[in-house]
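File shown: my_file_30.pdb. Contents: PDB, C-alpha atoms.
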ATOM      1  CA  VAL A   4     119.917  71.044  93.068
ATOM      2  CA  PRO A   5     121.282  74.065  91.216
ATOM      3  CA  PHE A   6     120.527  77.407  92.847
ATOM      4  CA  ARG A   7     121.621  81.011  92.780
ATOM      5  CA  LEU A   8     122.048  83.656  95.458
ATOM      6  CA  VAL A   9     120.089  86.889  95.137
ATOM      7  CA  LYS A  10     120.189  90.003  97.296
ATOM      8  CA  ARG A  11     116.759  90.870  98.652
ATOM      9  CA  GLY A  12     116.130  93.539 101.239
ATOM     10  CA  GLY A  13     119.793  93.777 102.211
ATOM     11  CA  ARG A  14     120.199  90.045 102.762
ATOM     12  CA  LYS A  15     121.108  87.126 100.580
ATOM     13  CA  GLU A  16     118.443  84.651  99.589
ATOM     14  CA  MET A  17     118.782  81.298  97.865
ATOM     15  CA  ARG A  18     116.705  80.955  94.688
ATOM     16  CA  LEU A  19     115.863  77.541  93.301
ATOM     17  CA  PRO A  20     115.143  77.022  89.597
ATOM     18  CA  GLU A  21     111.573  77.627  88.385
ATOM     19  CA  SER A  22     111.075  73.879  87.859
ATOM     20  CA  ALA A  23     111.869  73.025  91.492
ATOM     21  CA  ALA A  24     108.765  72.833  93.671
ATOM     22  CA  GLN A  25     109.083  74.942  96.774
ATOM     23  CA  ALA A  26     106.770  76.104  99.495
ATOM     24  CA  ARG A  27     106.028  79.818  99.294
ATOM     25  CA  LYS A  28     106.751  81.871 102.365
ATOM     26  CA  PRO A  29     105.794  85.460 103.037
ATOM     27  CA  ASP A  30     108.386  88.141 102.348
ATOM     28  CA  ASN A  31     108.958  89.538 105.830
ATOM     29  CA  THR A  32     110.132  92.878 104.435
ATOM     30  CA  LEU A  33     106.857  93.343 102.546
ATOM     31  CA  VAL A  34     104.745  92.159 105.462
ATOM     32  CA  LYS A  35     106.489  94.561 107.834
ATOM     33  CA  ALA A  36     106.061  97.451 105.374
ATOM     34  CA  LEU A  37     102.342  96.661 105.022
ATOM     35  CA  ALA A  38     101.912  96.599 108.797
ATOM     36  CA  ARG A  39     103.665  99.951 109.166
ATOM     37  CA  ALA A  40     101.648 101.510 106.346
ATOM     38  CA  PHE A  41      98.309 100.507 107.860
ATOM     39  CA  ARG A  42      99.446 101.583 111.337
ATOM     40  CA  TRP A  43     100.469 104.997 110.023
ATOM     41  CA  LYS A  44      97.212 105.324 108.099
ATOM     42  CA  ARG A  45      95.243 104.581 111.276
ATOM     43  CA  MET A  46      97.256 107.190 113.195
ATOM     44  CA  LEU A  47      96.538 109.845 110.550
ATOM     45  CA  GLU A  48      92.841 108.978 110.219
ATOM     46  CA  SER A  49      92.299 109.008 113.980
ATOM     47  CA  GLY A  50      93.618 112.561 114.194
ATOM     48  CA  GLU A  51      96.532 111.552 116.393
ATOM     49  CA  PHE A  52      98.735 113.316 113.823
ATOM     50  CA  ALA A  53      97.544 116.101 111.551
ATOM     51  CA  THR A  54     100.112 115.735 108.782
ATOM     52  CA  VAL A  55     102.465 113.192 107.267
ATOM     53  CA  ALA A  56     105.382 115.483 108.159
ATOM     54  CA  GLU A  57     104.362 115.505 111.827
ATOM     55  CA  LEU A  58     104.033 111.711 111.901
ATOM     56  CA  ALA A  59     107.359 111.245 110.096
ATOM     57  CA  GLU A  60     109.098 113.496 112.618
ATOM     58  CA  ARG A  61     107.628 111.496 115.503
ATOM     59  CA  GLU A  62     108.682 108.197 113.893
ATOM     60  CA  GLY A  63     112.162 109.563 113.160
ATOM     61  CA  ILE A  64     111.976 108.956 109.410
ATOM     62  CA  ALA A  65     111.830 111.118 106.302
ATOM     63  CA  ALA A  66     108.378 112.280 105.193
ATOM     64  CA  PRO A  67     108.872 111.080 101.567
ATOM     65  CA  TYR A  68     109.730 107.577 102.831
ATOM     66  CA  LEU A  69     106.574 107.537 104.958
ATOM     67  CA  SER A  70     104.464 108.774 102.034
ATOM     68  CA  ARG A  71     105.808 106.129  99.654
ATOM     69  CA  THR A  72     105.177 103.419 102.244
ATOM     70  CA  LEU A  73     101.649 104.714 102.881
ATOM     71  CA  ARG A  74     100.861 103.925  99.234
ATOM     72  CA  LEU A  75     100.778 100.252 100.201
ATOM     73  CA  THR A  76      97.381 100.885 101.798
ATOM     74  CA  LEU A  77      96.035 101.482  98.265
ATOM     75  CA  LEU A  78      96.762  97.919  97.146
ATOM     76  CA  ALA A  79      93.841  95.692  96.223
ATOM     77  CA  PRO A  80      92.763  93.342  99.041
ATOM     78  CA  ASP A  81      93.626  90.245  96.986
ATOM     79  CA  ILE A  82      97.184  91.533  96.498
ATOM     80  CA  ILE A  83      97.536  92.213 100.227
ATOM     81  CA  ASP A  84      96.310  88.668 100.948
ATOM     82  CA  ALA A  85      98.785  87.287  98.408
ATOM     83  CA  ILE A  86     101.647  89.196 100.046
ATOM     84  CA  LEU A  87     100.678  87.914 103.498
ATOM     85  CA  SER A  88     100.588  84.329 102.212
ATOM     86  CA  GLY A  89     103.735  84.667 100.094
ATOM     87  CA  GLU A  90     101.886  84.220  96.796
ATOM     88  CA  GLN A  91     102.371  87.693  95.294
ATOM     89  CA  GLY A  92     103.725  88.152  91.798
ATOM     90  CA  LYS A  93     107.475  88.325  91.262
ATOM     91  CA  GLN A  94     107.151  92.013  90.417
ATOM     92  CA  ALA A  95     105.711  92.777  93.870
ATOM     93  CA  THR A  96     108.937  93.860  95.514
ATOM     94  CA  LEU A  97     109.101  96.564  98.147
ATOM     95  CA  GLU A  98     110.991  98.801  95.733
ATOM     96  CA  ALA A  99     108.317  98.367  93.043
ATOM     97  CA  LEU A 100     105.472  98.878  95.502
ATOM     98  CA  ARG A 101     106.961 102.136  96.775
ATOM     99  CA  ALA A 102     106.942 103.517  93.227
ATOM    100  CA  PRO A 103     103.711 105.061  91.926
ATOM    101  CA  PHE A 104     101.160 102.457  90.846
ATOM    102  CA  PRO A 105      97.487 102.693  89.799
ATOM    103  CA  ALA A 106      95.102 103.345  92.691
ATOM    104  CA  VAL A 107      92.366 101.473  90.800
ATOM    105  CA  TRP A 108      92.464  97.884  92.049
ATOM    106  CA  GLY A 109      91.614  96.385  88.667
ATOM    107  CA  GLN A 110      94.717  97.993  87.136
ATOM    108  CA  GLN A 111      97.194  96.504  89.623
ATOM    109  CA  ASP A 112      97.657  93.244  87.718
ATOM    110  CA  THR A 113     101.448  93.649  87.720
ATOM    111  CA  PHE A 114     101.585  92.640  91.398
ATOM    112  CA  ARG A 115      99.137  89.747  91.321
ATOM    113  CA  GLY A 116     100.538  86.241  91.712
ATOM    114  CA  THR A 117     100.377  83.622  89.028
TER     115      THR A 117
END

Show the structure stored in the file as structure tokens.
Amino acid sequence: VPFRLVKRGGRKEMRLPESAAQARKPDNTLVKALARAFRWKRMLESGEFATVAELAEREGIAAPYLSRTLRLTLLAPDIIDAILSGEQGKQATLEALRAPFPAVWGQQDTFRGT
């Protein structure tokens, strides 16, 4: 079976041709980022931390990184479910999801699976 190697999240991944049937598996990098984003959101909403800067300092990361990751909590529930089941669209990479995207769920079609 012909395949190609692609770098994804700092590691190499084998990609099969589109015509080859393959079981979808969740992208662990995306799943981990989602978990962190919702954890950080909970910590901010509970009042445990007053600001993003304070939380970022406690976590030992840069505040802009934390803010970009927090955006993942604005994804539509169906997109989050698709990410957790490995059925998200090809455009739903961590890099793309950390960039600004519409907060309105109906306008997030770019990340929906096929």

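Across the chains present, the PyMOL selection byres ((chain A and resi 100) around 9) applied to this file returns Arg71, Thr72, Arg74, Leu75, Leu78, Gln94, Ala95, Thr96, Leu97, Glu98, Ala99, Arg101, Ala102, Pro103, Phe104 and Phe114 of chain A.
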
For this session: Write out as a ChimeraX atom specification each polymer residue whose atoms come within 10 Å of Pro105 (chain A), counting all atoms listed in the file; drop sequence neighbours fewer than 6 positions from it.
Result: /A:77-78,111-112

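The set of residues that the PyMOL selection byres ((chain A and resi 83-85) around 10) takes from this file is Pro29, Leu33, Val34, Leu37, Leu75, Thr76, Leu77, Leu78, Ala79, Pro80, Asp81, Ile82, Ile86, Leu87, Ser88, Gly89, Glu90, Gln91, Gly92, Ala95, Phe114, Arg115 and Gly116 of chain A.
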
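Here CA of Lys93 (chain A) stands at a distance of 26.0 Å from CA of Lys44 (chain A).
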
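The two atoms in question, CA of Glu60 (chain A) and CA of Asn31 (chain A), are spaced 24.9 Å apart.
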
For this session: Could you tell me which residues the PyMOL selection byres ((chain A and resi 11) around 12) returns for this structure, as an MDAnalysis selection string?
Result: chainID A and resid 8:10 12:18 30:33 96:98

For this session: Kindly give the distance, in Å, that separates CA of Lys28 (chain A) and CA of Leu73 (chain A), rounded to a single decimal.
Result: 23.4 Å

Quick one: region 70-96 of chain A with N, CA, C and O atoms, as an mmCIF file, in the coordinates of the input?
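rebuild13.cif, freshly written:
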data_model
loop_
_atom_site.group_PDB
_atom_site.id
_atom_site.type_symbol
_atom_site.label_atom_id
_atom_site.label_comp_id
_atom_site.auth_asym_id
_atom_site.auth_seq_id
_atom_site.Cartn_x
_atom_site.Cartn_y
_atom_site.Cartn_z
ATOM 1 N N SER A 70 105.494 108.628 103.078
ATOM 2 C CA SER A 70 104.464 108.774 102.034
ATOM 3 C C SER A 70 104.499 107.631 101.035
ATOM 4 O O SER A 70 103.454 107.101 100.644
ATOM 5 N N ARG A 71 105.695 107.242 100.615
ATOM 6 C CA ARG A 71 105.808 106.129 99.654
ATOM 7 C C ARG A 71 105.328 104.830 100.286
ATOM 8 O O ARG A 71 104.697 104.000 99.622
ATOM 9 N N THR A 72 105.620 104.637 101.567
ATOM 10 C CA THR A 72 105.177 103.419 102.244
ATOM 11 C C THR A 72 103.668 103.431 102.454
ATOM 12 O O THR A 72 103.015 102.392 102.358
ATOM 13 N N LEU A 73 103.102 104.599 102.709
ATOM 14 C CA LEU A 73 101.649 104.714 102.881
ATOM 15 C C LEU A 73 100.882 104.271 101.636
ATOM 16 O O LEU A 73 99.737 103.840 101.738
ATOM 17 N N ARG A 74 101.515 104.365 100.475
ATOM 18 C CA ARG A 74 100.861 103.925 99.234
ATOM 19 C C ARG A 74 100.435 102.464 99.297
ATOM 20 O O ARG A 74 99.520 102.046 98.600
ATOM 21 N N LEU A 75 101.113 101.674 100.112
ATOM 22 C CA LEU A 75 100.778 100.252 100.201
ATOM 23 C C LEU A 75 99.340 100.036 100.659
ATOM 24 O O LEU A 75 98.753 98.991 100.391
ATOM 25 N N THR A 76 98.768 101.020 101.345
ATOM 26 C CA THR A 76 97.381 100.885 101.798
ATOM 27 C C THR A 76 96.398 100.981 100.628
ATOM 28 O O THR A 76 95.222 100.706 100.804
ATOM 29 N N LEU A 77 96.887 101.373 99.454
ATOM 30 C CA LEU A 77 96.035 101.482 98.265
ATOM 31 C C LEU A 77 96.010 100.202 97.438
ATOM 32 O O LEU A 77 95.342 100.143 96.410
ATOM 33 N N LEU A 78 96.743 99.192 97.874
ATOM 34 C CA LEU A 78 96.762 97.919 97.146
ATOM 35 C C LEU A 78 95.418 97.209 97.262
ATOM 36 O O LEU A 78 94.737 97.301 98.285
ATOM 37 N N ALA A 79 95.077 96.481 96.225
ATOM 38 C CA ALA A 79 93.841 95.692 96.223
ATOM 39 C C ALA A 79 93.905 94.635 97.331
ATOM 40 O O ALA A 79 94.981 94.091 97.609
ATOM 41 N N PRO A 80 92.775 94.339 97.962
ATOM 42 C CA PRO A 80 92.763 93.342 99.041
ATOM 43 C C PRO A 80 93.332 91.985 98.641
ATOM 44 O O PRO A 80 94.013 91.345 99.435
ATOM 45 N N ASP A 81 93.099 91.546 97.403
ATOM 46 C CA ASP A 81 93.626 90.245 96.986
ATOM 47 C C ASP A 81 95.158 90.272 96.894
ATOM 48 O O ASP A 81 95.823 89.268 97.162
ATOM 49 N N ILE A 82 95.720 91.414 96.555
ATOM 50 C CA ILE A 82 97.184 91.533 96.498
ATOM 51 C C ILE A 82 97.758 91.528 97.912
ATOM 52 O O ILE A 82 98.778 90.886 98.178
ATOM 53 N N ILE A 83 97.094 92.209 98.825
ATOM 54 C CA ILE A 83 97.536 92.213 100.227
ATOM 55 C C ILE A 83 97.490 90.789 100.780
ATOM 56 O O ILE A 83 98.436 90.332 101.422
ATOM 57 N N ASP A 84 96.411 90.070 100.502
ATOM 58 C CA ASP A 84 96.310 88.668 100.948
ATOM 59 C C ASP A 84 97.431 87.820 100.353
ATOM 60 O O ASP A 84 98.005 86.972 101.029
ATOM 61 N N ALA A 85 97.722 88.049 99.070
ATOM 62 C CA ALA A 85 98.785 87.287 98.408
ATOM 63 C C ALA A 85 100.139 87.579 99.046
ATOM 64 O O ALA A 85 100.949 86.673 99.257
ATOM 65 N N ILE A 86 100.391 88.833 99.386
ATOM 66 C CA ILE A 86 101.647 89.196 100.046
ATOM 67 C C ILE A 86 101.746 88.515 101.409
ATOM 68 O O ILE A 86 102.784 87.959 101.772
ATOM 69 N N LEU A 87 100.667 88.526 102.164
ATOM 70 C CA LEU A 87 100.678 87.914 103.498
ATOM 71 C C LEU A 87 100.855 86.402 103.447
ATOM 72 O O LEU A 87 101.384 85.804 104.377
ATOM 73 N N SER A 88 100.435 85.780 102.338
ATOM 74 C CA SER A 88 100.588 84.329 102.212
ATOM 75 C C SER A 88 101.809 83.945 101.373
ATOM 76 O O SER A 88 102.066 82.766 101.176
ATOM 77 N N GLY A 89 102.534 84.945 100.879
ATOM 78 C CA GLY A 89 103.735 84.667 100.094
ATOM 79 C C GLY A 89 103.450 84.286 98.658
ATOM 80 O O GLY A 89 104.288 83.696 97.993
ATOM 81 N N GLU A 90 102.281 84.613 98.145
ATOM 82 C CA GLU A 90 101.886 84.220 96.796
ATOM 83 C C GLU A 90 101.787 85.404 95.834
ATOM 84 O O GLU A 90 101.151 85.304 94.795
ATOM 85 N N GLN A 91 102.410 86.518 96.163
ATOM 86 C CA GLN A 91 102.371 87.693 95.294
ATOM 87 C C GLN A 91 103.193 87.449 94.036
ATOM 88 O O GLN A 91 104.006 86.540 93.994
ATOM 89 N N GLY A 92 102.966 88.258 93.036
ATOM 90 C CA GLY A 92 103.725 88.152 91.798
ATOM 91 C C GLY A 92 105.185 88.509 92.025
ATOM 92 O O GLY A 92 105.531 89.187 92.996
ATOM 93 N N LYS A 93 106.041 88.062 91.130
ATOM 94 C CA LYS A 93 107.475 88.325 91.262
ATOM 95 C C LYS A 93 107.790 89.813 91.202
ATOM 96 O O LYS A 93 108.800 90.256 91.725
ATOM 97 N N GLN A 94 106.928 90.583 90.540
ATOM 98 C CA GLN A 94 107.151 92.013 90.417
ATOM 99 C C GLN A 94 106.785 92.771 91.691
ATOM 100 O O GLN A 94 107.079 93.949 91.813
ATOM 101 N N ALA A 95 106.147 92.122 92.635
ATOM 102 C CA ALA A 95 105.711 92.777 93.870
ATOM 103 C C ALA A 95 106.851 92.813 94.880
ATOM 104 O O ALA A 95 106.847 92.126 95.888
ATOM 105 N N THR A 96 107.831 93.642 94.576
ATOM 106 C CA THR A 96 108.937 93.860 95.514
ATOM 107 C C THR A 96 108.660 95.155 96.264
ATOM 108 O O THR A 96 107.870 95.994 95.797
#
